[in-house]
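The data block below is upload.csv; it holds CSV, C-alpha atoms.
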```
chain,number,residue,atom,x,y,z
S,28,MET,CA,21.7,-0.6,18.2
S,29,ALA,CA,21.6,0.2,14.5
S,30,SER,CA,23.5,-2.1,12.1
S,31,ILE,CA,25.4,-1.1,9.0
S,32,SER,CA,22.4,-2.0,6.9
S,33,ASP,CA,20.1,0.6,8.6
S,34,PRO,CA,19.6,4.0,7.0
S,35,PRO,CA,20.5,6.9,9.4
S,36,LEU,CA,16.9,7.3,10.5
S,37,LEU,CA,17.7,8.3,14.1
S,38,SER,CA,20.1,11.1,13.2
S,39,ASP,CA,17.6,12.5,10.6
S,40,PHE,CA,14.7,12.3,13.0
S,41,THR,CA,16.7,14.0,15.8
S,42,GLN,CA,17.7,16.8,13.4
S,43,LEU,CA,14.0,17.2,12.4
S,44,LEU,CA,13.0,17.4,16.1
S,45,ARG,CA,15.7,20.1,16.7
S,46,SER,CA,14.4,22.1,13.8
S,47,CYS,CA,10.8,22.0,15.2
S,48,PRO,CA,11.3,23.1,18.9
S,49,THR,CA,7.6,24.0,19.3
S,50,VAL,CA,6.1,20.7,18.1
S,51,SER,CA,2.7,20.2,19.6
S,52,SER,CA,1.7,17.0,21.3
S,53,SER,CA,-0.9,16.3,18.6
S,54,SER,CA,1.8,16.3,15.9
S,55,SER,CA,4.7,14.5,17.5
S,56,PRO,CA,4.9,10.7,17.6
S,57,ILE,CA,7.4,11.0,20.5
S,58,GLN,CA,5.0,13.0,22.6
S,59,ASN,CA,2.1,10.7,21.8
S,60,ALA,CA,3.8,7.7,23.5
S,61,ALA,CA,1.0,7.5,26.1
S,62,VAL,CA,-1.8,7.2,23.5
S,63,ALA,CA,-3.9,4.1,24.3
S,64,THR,CA,-3.1,1.1,22.2
S,65,PRO,CA,-5.9,0.6,19.6
S,66,ARG,CA,-7.9,-2.6,19.8
S,67,GLU,CA,-6.8,-5.4,17.6
S,68,CYS,CA,-9.1,-6.6,14.9
S,69,GLU,CA,-9.2,-9.4,12.4
S,70,LEU,CA,-10.2,-8.2,9.0
S,71,PRO,CA,-12.9,-10.0,7.0
S,72,VAL,CA,-11.3,-13.3,5.7
S,73,ILE,CA,-12.5,-14.4,2.2
S,74,ASP,CA,-11.8,-17.8,0.8
S,75,LEU,CA,-11.2,-17.1,-2.9
S,76,SER,CA,-11.6,-20.8,-3.8
S,77,GLY,CA,-15.3,-19.9,-3.9
S,78,LEU,CA,-14.8,-17.9,-7.1
S,79,SER,CA,-13.8,-21.1,-9.0
S,80,SER,CA,-16.5,-23.3,-7.5
S,81,GLU,CA,-18.7,-25.3,-9.7
S,82,ARG,CA,-21.7,-24.1,-7.8
S,83,GLU,CA,-23.0,-20.8,-8.8
S,84,ALA,CA,-24.3,-20.0,-5.3
S,85,GLU,CA,-20.8,-20.3,-3.9
S,86,ARG,CA,-19.3,-18.1,-6.7
S,87,ARG,CA,-22.0,-15.5,-6.0
S,88,SER,CA,-21.4,-15.7,-2.2
S,89,CYS,CA,-17.7,-15.2,-2.6
S,90,ALA,CA,-18.1,-12.2,-4.9
S,91,ALA,CA,-20.6,-10.7,-2.6
S,92,ALA,CA,-18.2,-11.1,0.4
S,93,ILE,CA,-15.5,-9.3,-1.5
S,94,CYS,CA,-17.8,-6.4,-2.4
S,95,ARG,CA,-19.3,-6.1,1.0
S,96,ALA,CA,-15.8,-5.9,2.7
S,97,SER,CA,-14.7,-3.3,0.1
S,98,SER,CA,-17.7,-1.2,1.0
S,99,GLU,CA,-17.8,-1.7,4.8
S,100,TRP,CA,-14.1,-1.9,5.6
S,101,GLY,CA,-12.1,-0.9,2.5
S,102,PHE,CA,-9.7,-3.7,3.6
S,103,PHE,CA,-10.0,-7.5,3.7
S,104,GLN,CA,-7.9,-10.7,3.7
S,105,VAL,CA,-7.9,-13.4,1.2
S,106,VAL,CA,-6.9,-17.1,1.6
S,107,ASN,CA,-6.6,-19.8,-1.1
S,108,HIS,CA,-5.6,-17.0,-3.3
S,109,GLY,CA,-3.5,-19.1,-5.7
S,110,ILE,CA,0.0,-17.8,-4.7
S,111,SER,CA,2.0,-20.7,-3.2
S,112,SER,CA,3.5,-20.5,0.3
S,113,GLU,CA,6.8,-21.6,-1.3
S,114,LEU,CA,6.8,-18.5,-3.6
S,115,LEU,CA,5.9,-16.3,-0.7
S,116,GLY,CA,8.7,-17.8,1.4
S,117,GLU,CA,11.2,-17.3,-1.4
S,118,MET,CA,10.1,-13.7,-1.8
S,119,ARG,CA,10.6,-13.0,1.9
S,120,LYS,CA,14.0,-14.7,1.9
S,121,GLU,CA,15.3,-12.7,-1.0
S,122,GLN,CA,13.8,-9.5,0.4
S,123,VAL,CA,15.6,-10.0,3.7
S,124,LYS,CA,18.9,-10.7,1.9
S,125,LEU,CA,18.5,-7.4,-0.1
S,126,PHE,CA,17.8,-5.2,2.9
S,127,GLU,CA,20.6,-6.7,4.9
S,128,THR,CA,23.0,-5.1,2.4
S,129,PRO,CA,25.0,-2.2,3.9
S,130,PHE,CA,23.1,1.1,3.7
S,131,GLU,CA,25.8,2.7,1.5
S,132,THR,CA,25.4,0.0,-1.1
S,133,LYS,CA,21.6,0.3,-1.2
S,134,ALA,CA,21.8,4.1,-1.4
S,135,ARG,CA,24.5,4.3,-4.1
S,136,SER,CA,24.5,1.2,-6.3
S,137,ALA,CA,21.3,2.0,-8.3
S,138,LEU,CA,19.7,-1.3,-7.3
S,139,LEU,CA,16.2,-2.1,-8.7
S,140,ASN,CA,16.0,0.8,-11.1
S,141,ASN,CA,17.6,3.1,-8.5
S,142,SER,CA,14.4,3.0,-6.5
S,143,TYR,CA,15.7,2.9,-3.0
S,144,ARG,CA,14.2,5.4,-0.6
S,145,TRP,CA,14.1,5.8,3.2
S,146,GLY,CA,12.6,8.1,5.8
S,147,ASN,CA,11.0,11.2,4.3
S,148,PRO,CA,13.3,13.8,2.9
S,149,THR,CA,10.5,16.3,2.5
S,150,ALA,CA,9.2,16.0,6.1
S,151,THR,CA,8.9,19.3,7.9
S,152,SER,CA,7.6,17.9,11.2
S,153,PRO,CA,8.0,14.6,13.2
S,154,ALA,CA,4.4,13.6,12.2
S,155,GLN,CA,5.5,13.4,8.6
S,156,PHE,CA,8.5,11.2,9.2
S,157,SER,CA,8.4,7.5,8.2
S,158,TRP,CA,10.7,5.1,10.0
S,159,SER,CA,11.3,2.7,7.1
S,160,GLU,CA,13.2,2.0,3.9
S,161,ALA,CA,11.9,0.7,0.6
S,162,PHE,CA,12.4,-0.2,-3.0
S,163,HIS,CA,9.5,1.1,-5.2
S,164,VAL,CA,10.0,-0.8,-8.5
S,165,PRO,CA,8.0,-0.5,-11.8
S,166,LEU,CA,7.0,-3.8,-13.1
S,167,THR,CA,8.7,-3.0,-16.4
S,168,LYS,CA,12.1,-3.1,-14.6
S,169,ILE,CA,11.6,-6.4,-12.8
S,170,SER,CA,12.8,-8.5,-15.7
S,171,ASP,CA,15.8,-6.2,-16.4
S,172,PRO,CA,19.0,-8.1,-15.4
S,173,SER,CA,20.9,-4.9,-15.0
S,174,CYS,CA,18.7,-3.8,-12.0
S,175,TYR,CA,19.9,-6.6,-9.7
S,176,GLY,CA,23.7,-6.3,-9.4
S,177,GLN,CA,24.9,-9.1,-7.1
S,178,PHE,CA,21.3,-10.2,-6.3
S,179,ILE,CA,20.9,-12.5,-9.2
S,180,SER,CA,18.5,-14.9,-7.6
S,181,LEU,CA,16.1,-12.1,-6.7
S,182,ARG,CA,15.2,-11.5,-10.3
S,183,GLY,CA,13.4,-14.8,-11.0
S,184,VAL,CA,11.5,-14.7,-7.7
S,185,MET,CA,10.4,-11.1,-8.3
S,186,MET,CA,9.2,-11.9,-11.8
S,187,GLU,CA,7.1,-14.9,-10.6
S,188,PHE,CA,5.8,-13.0,-7.6
S,189,ALA,CA,4.8,-9.9,-9.6
S,190,ALA,CA,3.0,-12.0,-12.2
S,191,ALA,CA,1.1,-13.9,-9.5
S,192,MET,CA,0.1,-10.7,-7.7
S,193,SER,CA,-1.0,-9.1,-11.0
S,194,ARG,CA,-3.3,-12.0,-11.8
S,195,LEU,CA,-4.8,-11.8,-8.4
S,196,ALA,CA,-5.3,-8.1,-8.6
S,197,ARG,CA,-7.1,-8.3,-11.9
S,198,THR,CA,-9.4,-11.1,-10.6
S,199,LEU,CA,-10.4,-9.0,-7.6
S,200,ALA,CA,-10.9,-5.9,-9.7
S,201,GLY,CA,-13.1,-7.8,-12.1
S,202,VAL,CA,-15.3,-8.9,-9.3
S,203,LEU,CA,-15.7,-5.4,-8.0
S,204,VAL,CA,-16.4,-4.0,-11.4
S,205,GLU,CA,-19.0,-6.6,-12.3
S,206,ASN,CA,-20.8,-6.0,-9.0
S,207,LEU,CA,-21.7,-2.5,-10.2
S,208,ARG,CA,-23.5,-3.8,-13.2
S,209,HIS,CA,-20.5,-3.4,-15.5
S,210,ARG,CA,-20.2,-6.9,-16.9
S,211,GLY,CA,-17.4,-7.2,-19.4
S,212,ARG,CA,-16.0,-3.8,-18.3
S,213,SER,CA,-13.2,-5.4,-16.2
S,214,THR,CA,-11.2,-5.5,-19.4
S,215,ALA,CA,-10.7,-1.8,-18.8
S,216,PHE,CA,-8.2,-2.7,-16.2
S,217,ASP,CA,-6.3,-4.9,-18.7
S,218,GLU,CA,-6.2,-1.9,-21.1
S,219,THR,CA,-5.1,0.8,-18.6
S,220,CYS,CA,-3.2,-1.2,-15.9
S,221,HIS,CA,-0.2,-3.1,-17.2
S,222,GLU,CA,3.5,-3.5,-16.6
S,223,SER,CA,4.4,0.1,-17.5
S,224,THR,CA,2.0,1.4,-14.8
S,225,CYS,CA,2.0,-1.0,-11.9
S,226,PHE,CA,4.5,-1.3,-9.1
S,227,LEU,CA,6.0,-3.6,-6.4
S,228,ARG,CA,7.2,-1.9,-3.2
S,229,LEU,CA,9.5,-3.9,-0.9
S,230,ASN,CA,9.4,-2.5,2.6
S,231,ARG,CA,11.5,-2.9,5.7
S,232,TYR,CA,10.7,-1.2,9.0
S,233,PRO,CA,13.9,-1.3,11.2
S,234,VAL,CA,13.7,-1.6,15.0
S,235,CYS,CA,12.9,1.8,16.4
S,236,PRO,CA,14.3,2.8,19.8
S,237,LEU,CA,12.0,5.7,20.2
S,238,SER,CA,8.3,6.0,21.0
S,239,PRO,CA,6.0,3.0,20.3
S,240,GLU,CA,3.9,5.6,18.4
S,241,MET,CA,6.5,6.3,15.8
S,242,PHE,CA,5.2,6.0,12.3
S,243,GLY,CA,6.8,3.3,10.1
S,244,LEU,CA,4.6,4.7,7.4
S,245,VAL,CA,2.6,7.9,8.0
S,246,PRO,CA,-1.2,7.8,7.8
S,247,HIS,CA,-2.3,7.8,4.1
S,248,THR,CA,-4.7,6.4,1.5
S,249,ASP,CA,-3.3,4.6,-1.6
S,250,SER,CA,-3.4,6.5,-4.9
S,251,ASP,CA,-4.3,3.5,-7.0
S,252,PHE,CA,-7.1,1.1,-7.9
S,253,LEU,CA,-6.2,-1.7,-5.6
S,254,THR,CA,-3.3,-2.8,-3.3
S,255,ILE,CA,-2.3,-6.3,-2.3
S,256,LEU,CA,0.0,-6.7,0.7
S,257,TYR,CA,2.1,-9.7,1.8
S,258,GLN,CA,3.3,-9.0,5.3
S,259,ASP,CA,5.1,-10.9,8.1
S,260,GLN,CA,3.7,-11.8,11.5
S,261,VAL,CA,5.2,-8.8,13.4
S,262,GLY,CA,2.1,-6.6,13.1
S,263,GLY,CA,2.0,-2.8,13.1
S,264,LEU,CA,-0.5,-2.1,10.3
S,265,GLN,CA,-3.4,0.0,11.5
S,266,LEU,CA,-6.5,1.4,9.7
S,267,LEU,CA,-9.4,3.7,10.4
S,268,LYS,CA,-12.6,2.0,11.2
S,269,ASP,CA,-15.6,4.0,12.3
S,270,SER,CA,-13.3,7.0,12.9
S,271,ARG,CA,-11.1,5.0,15.3
S,272,TRP,CA,-7.7,3.4,14.7
S,273,VAL,CA,-7.7,-0.4,14.9
S,274,ALA,CA,-4.7,-2.7,14.7
S,275,VAL,CA,-4.8,-5.4,12.1
S,276,LYS,CA,-4.1,-8.9,13.5
S,277,PRO,CA,-1.6,-10.7,11.2
S,278,ASN,CA,-2.8,-13.9,9.5
S,279,ARG,CA,-0.1,-16.3,8.4
S,280,ASP,CA,-2.2,-17.7,5.6
S,281,ALA,CA,-3.7,-14.5,4.2
S,282,LEU,CA,-2.8,-11.6,1.9
S,283,ILE,CA,-4.3,-8.2,2.7
S,284,VAL,CA,-6.2,-6.3,0.0
S,285,ASN,CA,-7.2,-2.7,0.3
S,286,ILE,CA,-9.2,-0.3,-2.0
S,287,GLY,CA,-7.4,2.7,-3.5
S,288,ASP,CA,-8.6,6.2,-4.2
S,289,LEU,CA,-9.2,5.6,-7.9
S,290,LEU,CA,-11.6,2.7,-7.2
S,291,GLN,CA,-13.5,4.7,-4.7
S,292,ALA,CA,-13.8,7.5,-7.2
S,293,TRP,CA,-14.8,5.1,-10.0
S,294,SER,CA,-17.4,3.4,-7.8
S,295,ASN,CA,-18.9,6.7,-6.7
S,296,ASP,CA,-18.0,6.0,-3.1
S,297,VAL,CA,-19.5,2.5,-3.1
S,298,TYR,CA,-16.0,1.1,-2.3
S,299,ARG,CA,-13.9,2.8,0.4
S,300,SER,CA,-10.3,3.9,0.2
S,301,VAL,CA,-9.4,3.9,3.9
S,302,GLU,CA,-6.7,5.8,5.7
S,303,HIS,CA,-4.0,3.5,7.2
S,304,LYS,CA,-0.5,3.6,8.7
S,305,VAL,CA,2.3,1.4,10.1
S,306,ILE,CA,3.5,1.7,13.7
S,307,THR,CA,7.1,0.7,14.5
S,308,ASN,CA,8.4,-2.0,16.8
S,309,ASN,CA,11.1,-1.5,19.4
S,310,LYS,CA,12.2,-5.1,19.4
S,311,VAL,CA,11.9,-6.6,16.0
S,312,GLU,CA,12.0,-5.4,12.4
S,313,ARG,CA,9.1,-5.8,10.0
S,314,TYR,CA,8.9,-6.7,6.4
S,315,SER,CA,6.2,-6.5,3.7
S,316,VAL,CA,5.7,-6.4,0.0
S,317,ALA,CA,2.9,-4.4,-1.7
S,318,TYR,CA,1.6,-4.7,-5.2
S,319,PHE,CA,-0.1,-1.5,-6.6
S,320,LEU,CA,-2.6,-1.8,-9.5
S,321,CYS,CA,-2.3,1.6,-11.2
S,322,PRO,CA,-3.4,3.0,-14.6
S,323,SER,CA,-1.3,5.0,-17.0
S,324,TYR,CA,-0.9,8.7,-16.2
S,325,ASP,CA,-3.2,9.8,-19.1
S,326,SER,CA,-6.0,7.4,-18.1
S,327,LEU,CA,-9.3,9.3,-17.4
S,328,ILE,CA,-10.9,8.4,-14.1
S,329,GLY,CA,-14.7,8.8,-14.2
S,330,SER,CA,-17.5,7.5,-12.1
S,331,CYS,CA,-19.4,4.4,-13.1
S,332,ARG,CA,-22.8,6.0,-12.5
S,333,GLU,CA,-24.5,9.3,-12.5
S,334,PRO,CA,-24.8,11.7,-10.8
S,335,SER,CA,-21.1,11.5,-10.2
S,336,VAL,CA,-19.6,12.4,-6.8
S,337,TYR,CA,-16.3,13.4,-8.4
S,338,ARG,CA,-15.3,15.4,-11.4
S,339,LYS,CA,-13.4,13.4,-14.1
S,340,PHE,CA,-9.6,13.6,-13.8
S,341,THR,CA,-6.5,11.8,-15.2
S,342,PHE,CA,-4.3,9.7,-13.0
S,343,GLY,CA,-1.4,12.1,-13.8
S,344,GLU,CA,-3.5,15.1,-12.7
S,345,TYR,CA,-4.4,13.3,-9.4
S,346,ARG,CA,-0.7,12.5,-8.7
S,347,LYS,CA,0.3,16.0,-9.4
S,348,GLN,CA,-2.3,17.4,-7.0
S,349,VAL,CA,-1.2,15.0,-4.3
S,350,ARG,CA,2.4,16.1,-4.7
S,351,GLU,CA,1.5,19.8,-4.6
S,352,ASP,CA,-0.6,19.3,-1.4
S,353,VAL,CA,2.1,17.3,0.3
S,354,LYS,CA,4.7,20.0,-0.6
S,355,ARG,CA,2.5,22.9,0.5
S,356,THR,CA,0.8,21.4,3.6
S,357,GLY,CA,2.8,18.3,4.5
S,358,HIS,CA,-0.2,16.1,4.0
S,359,LYS,CA,-2.1,14.4,1.2
S,360,VAL,CA,-5.6,15.7,0.7
S,361,GLY,CA,-6.6,13.2,-2.0
S,362,LEU,CA,-10.1,12.7,-3.3
S,363,PRO,CA,-11.8,15.6,-1.5
S,364,ARG,CA,-9.9,17.9,-4.0
S,365,PHE,CA,-12.0,16.4,-6.8
S,366,ARG,CA,-15.4,16.1,-5.1
S,367,LEU,CA,-18.2,17.9,-6.9
S,368,GLN,CA,-20.6,20.2,-5.0
S,369,ILE,CA,-24.0,18.6,-5.9
S,370,SER,CA,-27.0,20.9,-5.5
S,371,THR,CA,-30.2,19.4,-4.2
```
Can you present the structure in this file as structure tokens?
Amino acid sequence: MASISDPPLLSDFTQLLRSCPTVSSSSSPIQNAAVATPRECELPVIDLSGLSSEREAERRSCAAAICRASSEWGFFQVVNHGISSELLGEMRKEQVKLFETPFETKARSALLNNSYRWGNPTATSPAQFSWSEAFHVPLTKISDPSCYGQFISLRGVMMEFAAAMSRLARTLAGVLVENLRHRGRSTAFDETCHESTCFLRLNRYPVCPLSPEMFGLVPHTDSDFLTILYQDQVGGLQLLKDSRWVAVKPNRDALIVNIGDLLQAWSNDVYRSVEHKVITNNKVERYSVAYFLCPSYDSLIGSCREPSVYRKFTFGEYRKQVREDVKRTGHKVGLPRFRLQIST
């Protein structure tokens, strides 16, 4: 039974179903309830303490593991990442307190830069509907006291958490850049990815009484350089591996890292931005927080080597194309829009 904190997801989804009476079995999560459960996998686990080892061989081995996972999986887990369990616990406690607020308050009180969102208002079919709610917050607003209303204690935790995630993201980006013979070029991330361009997204996936195949978050790739995810132990994250969906086994001690579209383009397809989704749970809610390493909208994204697989584009141009494709087709197309036809 829905609580007063839940957005009206069921009524919106029901209305969407009624407006699509001829929904095919391939496009409806409800009608896909009998789909076989994907196998559970454990992502590559990388101990980041190796990066600060006094032994060069250990530093090289750790960096190589990061780059290998980014190429083979596009996803990996990191442990000994430098973010304390105490801080992670405080972030989760404050996040739960925020989402337990009545829906009307979240929707109308302009919390966290008025960044509250839920479901998918542009969905035209059940397959485009996300059973979730979120706050998508620019880093520049995290320190603004006016964004927090009654949630005063959330501000300090968010500021510390965002700073820690930002340091980690830049460390990982630096490793990935240097691997492609661009030593010293990791400073480019410091120049183009800063508080005015990066985001934190606080997610909650309420209990879903419908099909176990309902999307908490529809299949997608991330339109950034790099994403770092802190999730609970409920599970539900799935990704495409060798053209098959696999379920990610939660790891209490790890953060999840995935490559975004921009890093795939910059690396000339060396690193992979992999399609992923979240599946709902009919017994327990799920929480996560994601950090997105993004450039400014006027940043030019080019490949690190020639011949380039993709034409150059700005981040603003890329985001605009994604929005247009979603509006026109209901789906993100992403990097294929920018792929060059190379003659041989």
Report as CSV the residues of stretch 167-244 of chain S within 12 Å of stretch 261-276 of chain S, each with its shortest atom pair and distance in Å (one decimal), using only C-alpha atoms, ordered by chain and increasing residue number.
```
residue,atom,partner,partner_atom,distance
S:Arg231,CA,S:Val261,CA,11.6
S:Tyr232,CA,S:Gly263,CA,9.7
S:Pro233,CA,S:Val261,CA,11.7
S:Val234,CA,S:Val261,CA,11.3
S:Pro239,CA,S:Gly263,CA,10.1
S:Glu240,CA,S:Gly263,CA,10.1
S:Met241,CA,S:Gly263,CA,10.5
S:Phe242,CA,S:Gly263,CA,9.4
S:Gly243,CA,S:Gly263,CA,8.3
S:Leu244,CA,S:Leu264,CA,9.0
```
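In terms of minimum interatomic distance to S:Leu166, S:Glu222 ranks closest within S:Glu222, S:Glu81, S:Glu121, S:Glu113, counting all atoms listed in the file.
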- prompt: Pick the closest to S:Asp296 from S:His108, S:Arg355, S:Arg332, S:Arg86: which is it, counting only C-alpha atoms?
  reply: S:Arg332
message: Could you check the closest approach to S:Thr248 for each of S:Phe340, S:Phe102, S:Tyr175, S:Phe40 and tell me which residue wins, using all atoms listed in the file?
response: S:Phe102
- request: Show which residues sit within 8 Å of stretch 167-173 of chain S, as JSON, numbers by chain. Count only C-alpha atoms, and ignore same-chain residues fewer than 4 positions away.
  value: {"S": [139, 140, 179, 182, 183, 185, 186, 222, 223]}
task: List every protein, DNA or RNA residue that has an atom no more than 7 Å from (15.8, 7.2, 15.9) in the file's coordinate frame, counting all atoms listed in the file, and report them as a VMD selection string.
output: chain S and resid 36 to 38 40 to 41 235 to 237
task: Quick one: residues within 8 Å of (4.7, -9.9, -0.4) (file frame), counting all atoms listed in the file, please, as a list in words.
output: Leu115, Met118, Arg119, Phe188, Leu229, Leu256, Tyr257, Gln258, Ser315, Val316, Ala317 and Tyr318 of chain S
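Going from atom CA of S:Ala84 to atom CA of S:Arg279 covers 28.1 Å.
Straight-line separation from atom CA of S:Gly357 to atom CA of S:Ser157: 12.7 Å.
If you look at atom CA of S:Tyr314 and atom CA of S:Ala150, they are 22.7 Å away from each other.
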task: Fewer than 6 positions away in the same chain doesn't count, so skip those; otherwise give me all residues within 10 Å of S:Glu117, counting all atoms listed in the file, as number ranges by chain.
output: S: 111, 123, 180-181, 184-185, 188
Skipping near chain neighbours, those fewer than 5 positions away, what residues fall within 9 Å of S:Ala92 using all atoms listed in the file, listed as a CSV table (one decimal) with C-alpha atoms, in the coordinates of the input?
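After the write, part.csv holds the following:
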```
chain,number,residue,atom,x,y,z
S,71,PRO,CA,-12.9,-10.0,7.0
S,72,VAL,CA,-11.3,-13.3,5.7
S,73,ILE,CA,-12.5,-14.4,2.2
S,87,ARG,CA,-22.0,-15.5,-6.0
S,97,SER,CA,-14.7,-3.3,0.1
```
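For the choices S:Arg366, S:Lys120, S:Arg82, S:His247, the atom-to-atom distance to S:Ser330 is smallest for S:Arg366 when using only C-alpha atoms.
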field: All residues 10 Å or closer to S:Cys225, all atoms listed in the file, same chain fewer than 3 positions away omitted, as a PyMOL selection string
entry: chain S and resi 164-167+189+193+219-222+251+318-323
With all atoms listed in the file as the counted atoms, please give the residues lying no more than 8 Å from stretch 284-292 of chain S, apart from itself and same-chain residues fewer than 5 positions off, as a PDB file with C-alpha atoms, in the frame of the given file.
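Done, and the output landed in result39.pdb:
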```pdb
ATOM      1  CA  SER S  97     -14.700  -3.300   0.100  1.00  0.00           C
ATOM      2  CA  GLY S 101     -12.100  -0.900   2.500  1.00  0.00           C
ATOM      3  CA  PHE S 102      -9.700  -3.700   3.600  1.00  0.00           C
ATOM      4  CA  PHE S 103     -10.000  -7.500   3.700  1.00  0.00           C
ATOM      5  CA  GLN S 104      -7.900 -10.700   3.700  1.00  0.00           C
ATOM      6  CA  VAL S 105      -7.900 -13.400   1.200  1.00  0.00           C
ATOM      7  CA  THR S 248      -4.700   6.400   1.500  1.00  0.00           C
ATOM      8  CA  ASP S 249      -3.300   4.600  -1.600  1.00  0.00           C
ATOM      9  CA  SER S 250      -3.400   6.500  -4.900  1.00  0.00           C
ATOM     10  CA  ASP S 251      -4.300   3.500  -7.000  1.00  0.00           C
ATOM     11  CA  PHE S 252      -7.100   1.100  -7.900  1.00  0.00           C
ATOM     12  CA  LEU S 253      -6.200  -1.700  -5.600  1.00  0.00           C
ATOM     13  CA  THR S 254      -3.300  -2.800  -3.300  1.00  0.00           C
ATOM     14  CA  ILE S 255      -2.300  -6.300  -2.300  1.00  0.00           C
ATOM     15  CA  LEU S 256       0.000  -6.700   0.700  1.00  0.00           C
ATOM     16  CA  VAL S 297     -19.500   2.500  -3.100  1.00  0.00           C
ATOM     17  CA  TYR S 298     -16.000   1.100  -2.300  1.00  0.00           C
ATOM     18  CA  ARG S 299     -13.900   2.800   0.400  1.00  0.00           C
ATOM     19  CA  SER S 300     -10.300   3.900   0.200  1.00  0.00           C
ATOM     20  CA  VAL S 301      -9.400   3.900   3.900  1.00  0.00           C
ATOM     21  CA  ILE S 328     -10.900   8.400 -14.100  1.00  0.00           C
ATOM     22  CA  GLY S 329     -14.700   8.800 -14.200  1.00  0.00           C
ATOM     23  CA  SER S 330     -17.500   7.500 -12.100  1.00  0.00           C
ATOM     24  CA  VAL S 336     -19.600  12.400  -6.800  1.00  0.00           C
ATOM     25  CA  TYR S 337     -16.300  13.400  -8.400  1.00  0.00           C
ATOM     26  CA  GLY S 361      -6.600  13.200  -2.000  1.00  0.00           C
ATOM     27  CA  LEU S 362     -10.100  12.700  -3.300  1.00  0.00           C
TER      28      LEU S 362
END
```
